[in-house]
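Student: The structure file my_file-v9.pdb (PDB, C-alpha atoms, pLDDT in the B column) is provided below.
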```pdb
ATOM      1  CA  MET A   2     -31.437  -3.729 -26.317  1.00 74.00           C
ATOM      2  CA  LYS A   3     -28.425  -5.561 -27.787  1.00 67.00           C
ATOM      3  CA  GLN A   4     -26.081  -3.557 -25.565  1.00 71.00           C
ATOM      4  CA  LEU A   5     -28.079  -4.410 -22.455  1.00 65.00           C
ATOM      5  CA  THR A   6     -28.081  -8.104 -23.375  1.00 73.00           C
ATOM      6  CA  LEU A   7     -24.333  -7.998 -23.960  1.00 62.00           C
ATOM      7  CA  LEU A   8     -23.750  -6.281 -20.606  1.00 60.00           C
ATOM      8  CA  VAL A   9     -25.884  -8.857 -18.772  1.00 61.00           C
ATOM      9  CA  ALA A  10     -24.031 -11.710 -20.522  1.00 65.00           C
ATOM     10  CA  ILE A  11     -20.623 -10.271 -19.557  1.00 67.00           C
ATOM     11  CA  LEU A  12     -21.694  -9.767 -15.942  1.00 63.00           C
ATOM     12  CA  LEU A  13     -23.088 -13.299 -15.817  1.00 60.00           C
ATOM     13  CA  ILE A  14     -19.904 -14.837 -17.232  1.00 67.00           C
ATOM     14  CA  PHE A  15     -17.542 -12.991 -14.885  1.00 66.00           C
ATOM     15  CA  GLY A  16     -19.972 -13.250 -11.946  1.00 65.00           C
ATOM     16  CA  CYS A  17     -19.817 -17.040 -12.163  1.00 59.00           C
ATOM     17  CA  GLY A  18     -16.048 -16.992 -11.718  1.00 53.00           C
ATOM     18  CA  TYR A  19     -15.144 -17.640 -15.360  1.00 51.00           C
ATOM     19  CA  LYS A  20     -11.676 -16.357 -16.261  1.00 50.00           C
ATOM     20  CA  ILE A  21     -10.451 -15.575 -19.749  1.00 52.00           C
ATOM     21  CA  ALA A  22      -7.031 -17.053 -20.547  1.00 49.00           C
ATOM     22  CA  GLY A  23      -4.305 -14.452 -20.294  1.00 46.00           C
ATOM     23  CA  LEU A  24      -6.187 -12.289 -17.815  1.00 48.00           C
ATOM     24  CA  SER A  25      -5.136 -13.988 -14.594  1.00 47.00           C
ATOM     25  CA  SER A  26      -4.207 -11.826 -11.638  1.00 48.00           C
ATOM     26  CA  THR A  27      -0.454 -12.342 -11.992  1.00 46.00           C
ATOM     27  CA  GLY A  28      -0.372 -13.070 -15.710  1.00 51.00           C
ATOM     28  CA  GLY A  29       2.432 -15.528 -15.151  1.00 54.00           C
ATOM     29  CA  MET A  30       4.792 -13.026 -13.517  1.00 59.00           C
ATOM     30  CA  ASN A  31       6.061 -14.151 -10.148  1.00 81.00           C
ATOM     31  CA  TYR A  32       7.559 -10.871  -8.933  1.00 93.00           C
ATOM     32  CA  LYS A  33       6.880  -7.148  -8.670  1.00 95.00           C
ATOM     33  CA  TYR A  34       9.356  -4.825 -10.377  1.00 97.00           C
ATOM     34  CA  HIS A  35      10.206  -1.151 -10.127  1.00 97.00           C
ATOM     35  CA  ILE A  36      11.859   0.497 -13.134  1.00 97.00           C
ATOM     36  CA  ALA A  37      14.637   2.368 -11.344  1.00 97.00           C
ATOM     37  CA  SER A  38      16.598   3.756 -14.289  1.00 97.00           C
ATOM     38  CA  ILE A  39      16.749   3.891 -18.057  1.00 96.00           C
ATOM     39  CA  ALA A  40      19.912   4.929 -19.879  1.00 96.00           C
ATOM     40  CA  ASN A  41      20.042   5.522 -23.603  1.00 95.00           C
ATOM     41  CA  ASN A  42      23.402   5.033 -25.308  1.00 94.00           C
ATOM     42  CA  ALA A  43      21.791   4.807 -28.754  1.00 90.00           C
ATOM     43  CA  ASP A  44      22.060   7.604 -31.298  1.00 84.00           C
ATOM     44  CA  GLU A  45      18.450   8.819 -31.143  1.00 87.00           C
ATOM     45  CA  ALA A  46      17.105  10.622 -28.094  1.00 87.00           C
ATOM     46  CA  ASN A  47      13.484   9.490 -28.504  1.00 91.00           C
ATOM     47  CA  TYR A  48      14.432   5.827 -27.975  1.00 94.00           C
ATOM     48  CA  ARG A  49      14.631   6.480 -24.214  1.00 95.00           C
ATOM     49  CA  SER A  50      11.007   7.602 -23.936  1.00 95.00           C
ATOM     50  CA  MET A  51       9.882   4.792 -26.227  1.00 96.00           C
ATOM     51  CA  LEU A  52      11.751   2.255 -24.071  1.00 96.00           C
ATOM     52  CA  ASP A  53      10.250   3.745 -20.907  1.00 96.00           C
ATOM     53  CA  ARG A  54       6.725   3.577 -22.328  1.00 97.00           C
ATOM     54  CA  GLN A  55       7.170   0.050 -23.708  1.00 97.00           C
ATOM     55  CA  ALA A  56       8.652  -1.310 -20.456  1.00 97.00           C
ATOM     56  CA  THR A  57       5.898   0.292 -18.390  1.00 97.00           C
ATOM     57  CA  MET A  58       3.225  -1.190 -20.663  1.00 97.00           C
ATOM     58  CA  PHE A  59       4.895  -4.616 -20.643  1.00 97.00           C
ATOM     59  CA  PHE A  60       5.114  -4.937 -16.862  1.00 96.00           C
ATOM     60  CA  THR A  61       1.686  -3.364 -16.352  1.00 95.00           C
ATOM     61  CA  ARG A  62       0.190  -5.927 -18.745  1.00 95.00           C
ATOM     62  CA  TYR A  63       1.460  -8.683 -16.453  1.00 92.00           C
ATOM     63  CA  ASN A  64       0.387  -6.815 -13.299  1.00 94.00           C
ATOM     64  CA  SER A  65       3.985  -6.782 -12.096  1.00 94.00           C
ATOM     65  CA  LEU A  66       4.870  -3.086 -12.011  1.00 95.00           C
ATOM     66  CA  ALA A  67       5.169  -1.696  -8.495  1.00 95.00           C
ATOM     67  CA  ARG A  68       6.289   1.374  -6.635  1.00 95.00           C
ATOM     68  CA  LYS A  69       9.817   1.317  -5.249  1.00 93.00           C
ATOM     69  CA  LYS A  70       8.828   0.303  -1.700  1.00 93.00           C
ATOM     70  CA  LYS A  71       6.501  -2.514  -2.804  1.00 94.00           C
ATOM     71  CA  ALA A  72       8.743  -4.020  -5.480  1.00 96.00           C
ATOM     72  CA  ASP A  73      10.675  -7.259  -5.104  1.00 96.00           C
ATOM     73  CA  TYR A  74      13.316  -6.103  -7.582  1.00 97.00           C
ATOM     74  CA  LYS A  75      14.608  -2.898  -9.141  1.00 97.00           C
ATOM     75  CA  LEU A  76      15.248  -2.871 -12.882  1.00 97.00           C
ATOM     76  CA  HIS A  77      17.988  -0.841 -14.529  1.00 98.00           C
ATOM     77  CA  PHE A  78      17.832  -0.674 -18.330  1.00 98.00           C
ATOM     78  CA  ARG A  79      20.653   0.479 -20.586  1.00 97.00           C
ATOM     79  CA  LEU A  80      19.952   0.667 -24.294  1.00 97.00           C
ATOM     80  CA  ASP A  81      23.416  -0.010 -25.694  1.00 97.00           C
ATOM     81  CA  SER A  82      22.661   0.304 -29.389  1.00 96.00           C
ATOM     82  CA  VAL A  83      19.982   0.417 -32.048  1.00 95.00           C
ATOM     83  CA  THR A  84      21.058  -0.198 -35.626  1.00 93.00           C
ATOM     84  CA  THR A  85      19.262  -0.521 -38.929  1.00 89.00           C
ATOM     85  CA  SER A  86      20.405  -2.237 -42.088  1.00 87.00           C
ATOM     86  CA  ALA A  87      18.490  -2.135 -45.346  1.00 79.00           C
ATOM     87  CA  SER A  88      18.380  -4.640 -48.148  1.00 69.00           C
ATOM     88  CA  ILE A  89      18.520  -3.080 -51.606  1.00 65.00           C
ATOM     89  CA  ASN A  90      16.420  -4.236 -54.540  1.00 63.00           C
ATOM     90  CA  SER A  91      18.944  -4.862 -57.333  1.00 60.00           C
ATOM     91  CA  ARG A  92      16.540  -3.867 -60.135  1.00 67.00           C
ATOM     92  CA  THR A  93      15.495  -0.513 -58.690  1.00 65.00           C
ATOM     93  CA  ASN A  94      18.458   0.205 -56.381  1.00 61.00           C
ATOM     94  CA  GLN A  95      15.971   1.122 -53.648  1.00 67.00           C
ATOM     95  CA  ALA A  96      15.618  -0.234 -50.147  1.00 66.00           C
ATOM     96  CA  VAL A  97      12.335  -2.052 -49.533  1.00 79.00           C
ATOM     97  CA  ARG A  98      12.953  -3.642 -46.111  1.00 83.00           C
ATOM     98  CA  SER A  99      15.174  -2.849 -43.213  1.00 89.00           C
ATOM     99  CA  ASP A 100      16.208  -4.734 -40.100  1.00 92.00           C
ATOM    100  CA  LEU A 101      16.247  -2.961 -36.768  1.00 95.00           C
ATOM    101  CA  SER A 102      18.526  -4.515 -34.144  1.00 96.00           C
ATOM    102  CA  ALA A 103      18.600  -3.466 -30.493  1.00 97.00           C
ATOM    103  CA  ARG A 104      20.912  -4.391 -27.632  1.00 98.00           C
ATOM    104  CA  LEU A 105      19.377  -3.852 -24.187  1.00 98.00           C
ATOM    105  CA  HIS A 106      21.323  -4.437 -20.983  1.00 98.00           C
ATOM    106  CA  ILE A 107      19.130  -5.388 -17.998  1.00 98.00           C
ATOM    107  CA  LEU A 108      20.440  -5.240 -14.446  1.00 98.00           C
ATOM    108  CA  VAL A 109      18.210  -6.523 -11.644  1.00 97.00           C
ATOM    109  CA  LEU A 110      18.892  -5.606  -8.025  1.00 97.00           C
ATOM    110  CA  ASP A 111      17.077  -6.932  -4.978  1.00 95.00           C
ATOM    111  CA  ASN A 112      15.908  -4.673  -2.126  1.00 94.00           C
ATOM    112  CA  ASN A 113      19.356  -4.862  -0.517  1.00 94.00           C
ATOM    113  CA  SER A 114      20.964  -3.659  -3.782  1.00 94.00           C
ATOM    114  CA  ASN A 115      22.468  -7.075  -4.457  1.00 96.00           C
ATOM    115  CA  ASN A 116      22.988  -7.916  -8.108  1.00 97.00           C
ATOM    116  CA  VAL A 117      20.703 -10.866  -8.937  1.00 96.00           C
ATOM    117  CA  PHE A 118      20.644 -10.681 -12.741  1.00 97.00           C
ATOM    118  CA  ASP A 119      22.883  -8.956 -15.271  1.00 98.00           C
ATOM    119  CA  LYS A 120      22.593  -9.641 -18.980  1.00 98.00           C
ATOM    120  CA  THR A 121      22.539  -7.951 -22.379  1.00 98.00           C
ATOM    121  CA  PHE A 122      19.800  -9.089 -24.749  1.00 98.00           C
ATOM    122  CA  SER A 123      19.782  -8.621 -28.533  1.00 97.00           C
ATOM    123  CA  ARG A 124      16.844  -8.886 -30.910  1.00 97.00           C
ATOM    124  CA  THR A 125      16.089  -7.949 -34.515  1.00 96.00           C
ATOM    125  CA  ASN A 126      12.846  -7.135 -36.305  1.00 95.00           C
ATOM    126  CA  SER A 127      12.177  -6.068 -39.881  1.00 92.00           C
ATOM    127  CA  PHE A 128      10.115  -3.177 -41.177  1.00 91.00           C
ATOM    128  CA  THR A 129       8.989  -1.978 -44.594  1.00 86.00           C
ATOM    129  CA  ILE A 130      10.513   1.037 -46.324  1.00 86.00           C
ATOM    130  CA  GLY A 131       8.442   3.012 -48.798  1.00 81.00           C
ATOM    131  CA  SER A 132       8.475   6.426 -50.406  1.00 80.00           C
ATOM    132  CA  ASN A 133       6.669   8.180 -47.520  1.00 85.00           C
ATOM    133  CA  ILE A 134       9.112   9.374 -44.844  1.00 87.00           C
ATOM    134  CA  SER A 135       6.463   9.648 -42.111  1.00 92.00           C
ATOM    135  CA  GLU A 136       5.269   6.116 -42.770  1.00 90.00           C
ATOM    136  CA  ASN A 137       8.860   4.836 -42.742  1.00 88.00           C
ATOM    137  CA  ARG A 138       9.411   6.460 -39.348  1.00 91.00           C
ATOM    138  CA  ARG A 139       6.195   4.922 -37.974  1.00 94.00           C
ATOM    139  CA  ASN A 140       7.268   1.514 -39.300  1.00 93.00           C
ATOM    140  CA  ARG A 141      10.704   1.901 -37.739  1.00 93.00           C
ATOM    141  CA  ASP A 142       9.234   2.992 -34.386  1.00 95.00           C
ATOM    142  CA  GLU A 143       6.847   0.039 -34.413  1.00 96.00           C
ATOM    143  CA  ALA A 144       9.769  -2.306 -35.152  1.00 96.00           C
ATOM    144  CA  PHE A 145      11.625  -0.776 -32.186  1.00 96.00           C
ATOM    145  CA  ARG A 146       8.626  -1.279 -29.883  1.00 97.00           C
ATOM    146  CA  LYS A 147       8.246  -4.885 -31.024  1.00 97.00           C
ATOM    147  CA  THR A 148      11.970  -5.524 -30.566  1.00 97.00           C
ATOM    148  CA  ILE A 149      11.895  -4.131 -27.011  1.00 97.00           C
ATOM    149  CA  ASN A 150       8.790  -6.153 -26.216  1.00 97.00           C
ATOM    150  CA  ASP A 151      10.525  -9.310 -27.513  1.00 97.00           C
ATOM    151  CA  ILE A 152      13.569  -8.569 -25.346  1.00 98.00           C
ATOM    152  CA  LEU A 153      11.428  -8.005 -22.252  1.00 97.00           C
ATOM    153  CA  LEU A 154       9.628 -11.283 -22.913  1.00 96.00           C
ATOM    154  CA  ASP A 155      13.014 -13.020 -23.220  1.00 97.00           C
ATOM    155  CA  PHE A 156      14.006 -11.462 -19.887  1.00 97.00           C
ATOM    156  CA  LYS A 157      10.747 -12.555 -18.228  1.00 95.00           C
ATOM    157  CA  ASN A 158      11.133 -16.114 -19.450  1.00 94.00           C
ATOM    158  CA  GLU A 159      14.764 -16.356 -18.384  1.00 95.00           C
ATOM    159  CA  PHE A 160      14.532 -14.548 -15.041  1.00 95.00           C
ATOM    160  CA  GLU A 161      11.360 -16.236 -13.812  1.00 90.00           C
ATOM    161  CA  LYS A 162      12.036 -19.799 -14.965  1.00 84.00           C
TER     162      LYS A 162
END
```
Written as structure tokens, that's how I'd like the structure from this file.

Tutor:
Amino acid sequence: MKQLTLLVAILLIFGCGYKIAGLSSTGGMNYKYHIASIANNADEANYRSMLDRQATMFFTRYNSLARKKKADYKLHFRLDSVTTSASINSRTNQAVRSDLSARLHILVLDNNSNNVFDKTFSRTNSFTIGSNISENRRNRDEAFRKTINDILLDFKNEFEK
């Protein structure tokens, strides 16, 4: 009964034209993009697939990912570097936090292959280091995803201003 009531309430809210903030049709993006290429110049091979997945999710979230023929612009990503640096606890001589820094070059071409935007973005995020290697890797991967998301948001804000 509760589920039916909840379903009716949701249908009533959206049926009346109510929109939840953040779920608009364009989500604030003014253009449609096609991810044309991703190059990975960083040391680890799996960063390319993580960048691809994160970029696809980012532009899909804003309803701005399009097929090549329907896109306003083509995006070319080049991951120049990903570095980590740990801070050491002086009492235990063990690392407890690490900073992950990424440099992502974004080239934007219009449909006539004219260069309309060309910039390298840098961002840093921290992650926790513990005694479990698998957990450390998950923390590092999550820091990478957050860093890429931050860079893409910087790009969105700068390109579409």

Student: Report as a ChimeraX atom specification the residues that result from applying the PyMOL selection byres ((chain A and resi 98) around 7) to the structure here.

Tutor: /A:87-88,96-97,99-100,127-130

Student: Would you write out, as a PDB file with C-alpha atoms, keeping the file's coordinate frame, every residue that the PyMOL selection byres ((chain A and resi 141) around 10) captures in this file?

Tutor:
```pdb
ATOM      1  CA  THR A  85      19.262  -0.521 -38.929  1.00 89.00           C
ATOM      2  CA  SER A  99      15.174  -2.849 -43.213  1.00 89.00           C
ATOM      3  CA  ASP A 100      16.208  -4.734 -40.100  1.00 92.00           C
ATOM      4  CA  LEU A 101      16.247  -2.961 -36.768  1.00 95.00           C
ATOM      5  CA  ASN A 126      12.846  -7.135 -36.305  1.00 95.00           C
ATOM      6  CA  SER A 127      12.177  -6.068 -39.881  1.00 92.00           C
ATOM      7  CA  PHE A 128      10.115  -3.177 -41.177  1.00 91.00           C
ATOM      8  CA  THR A 129       8.989  -1.978 -44.594  1.00 86.00           C
ATOM      9  CA  ILE A 130      10.513   1.037 -46.324  1.00 86.00           C
ATOM     10  CA  SER A 135       6.463   9.648 -42.111  1.00 92.00           C
ATOM     11  CA  GLU A 136       5.269   6.116 -42.770  1.00 90.00           C
ATOM     12  CA  ASN A 137       8.860   4.836 -42.742  1.00 88.00           C
ATOM     13  CA  ARG A 138       9.411   6.460 -39.348  1.00 91.00           C
ATOM     14  CA  ARG A 139       6.195   4.922 -37.974  1.00 94.00           C
ATOM     15  CA  ASN A 140       7.268   1.514 -39.300  1.00 93.00           C
ATOM     16  CA  ASP A 142       9.234   2.992 -34.386  1.00 95.00           C
ATOM     17  CA  GLU A 143       6.847   0.039 -34.413  1.00 96.00           C
ATOM     18  CA  ALA A 144       9.769  -2.306 -35.152  1.00 96.00           C
ATOM     19  CA  PHE A 145      11.625  -0.776 -32.186  1.00 96.00           C
ATOM     20  CA  ARG A 146       8.626  -1.279 -29.883  1.00 97.00           C
ATOM     21  CA  LYS A 147       8.246  -4.885 -31.024  1.00 97.00           C
TER      22      LYS A 147
END
```

Student: Convert the output of the PyMOL selection byres ((chain A and resi 74) around 6) on the shown file into explicit residues, formatted as number ranges by chain.

Tutor: A: 34, 72-73, 75, 110-111

Student: Take atom CA of A:Arg124 and atom CA of A:Ala43 and report the distance between them in Å, one decimal.

Tutor: 14.7 Å

Student: Put a box with edges along x, y and z around all the listed atoms of stretch 132-139 of chain A, pad it by 6 Å on each side, then give me its centre and sizes in Å, one decimal, as lines of an AutoDock Vina configuration file.

Tutor:
```
center_x = 7.3
center_y = 7.2
center_z = -44.2
size_x = 16.1
size_y = 16.8
size_z = 24.4
```

Student: Can you measure atom CA of A:Leu153 to atom CA of A:Ser102 for me? One decimal in Å is fine.

Tutor: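 According to the coordinates, atom CA of A:Leu153 and atom CA of A:Ser102 are separated by 14.3 Å.
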
Student: Taking (4.2, -8.7, -6.5) in the file's coordinates as the center, which residues reach within 10 Å of it, counting only C-alpha atoms, put as a ChimeraX atom specification?

Tutor: /A:27,30-34,64-67,71-74

Student: Scan for residues within 7 Å of the point (21.3, -3.3, -11.9) in the coordinates of the file, using only C-alpha atoms, and reply as a list in words.

Tutor: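 Those residues lying close to the given coordinates are Leu76, His77, Ile107, Leu108, Val109, Leu110, Asn116 and Asp119 of chain A.
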
Student: Measuring atom to atom with all atoms listed in the file, identify which of A:Val83, A:Val117, A:Ala46, A:Met2 is nearest to A:Glu161.

Tutor: A:Val117

Student: Find, counting only C-alpha atoms, the residue in A:Ser114, A:Thr6, A:Ser86, A:Thr61 that gets nearest to A:Ala37.

Tutor: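 That would be A:Ser114, the residue with the smallest distance to A:Ala37.
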
Student: Using Å and a single decimal, report how far atom CA of A:His35 sits from atom CA of A:Lys69.

Tutor: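 Between atom CA of A:Lys69 and atom CA of A:His35 the gap is 5.5 Å.
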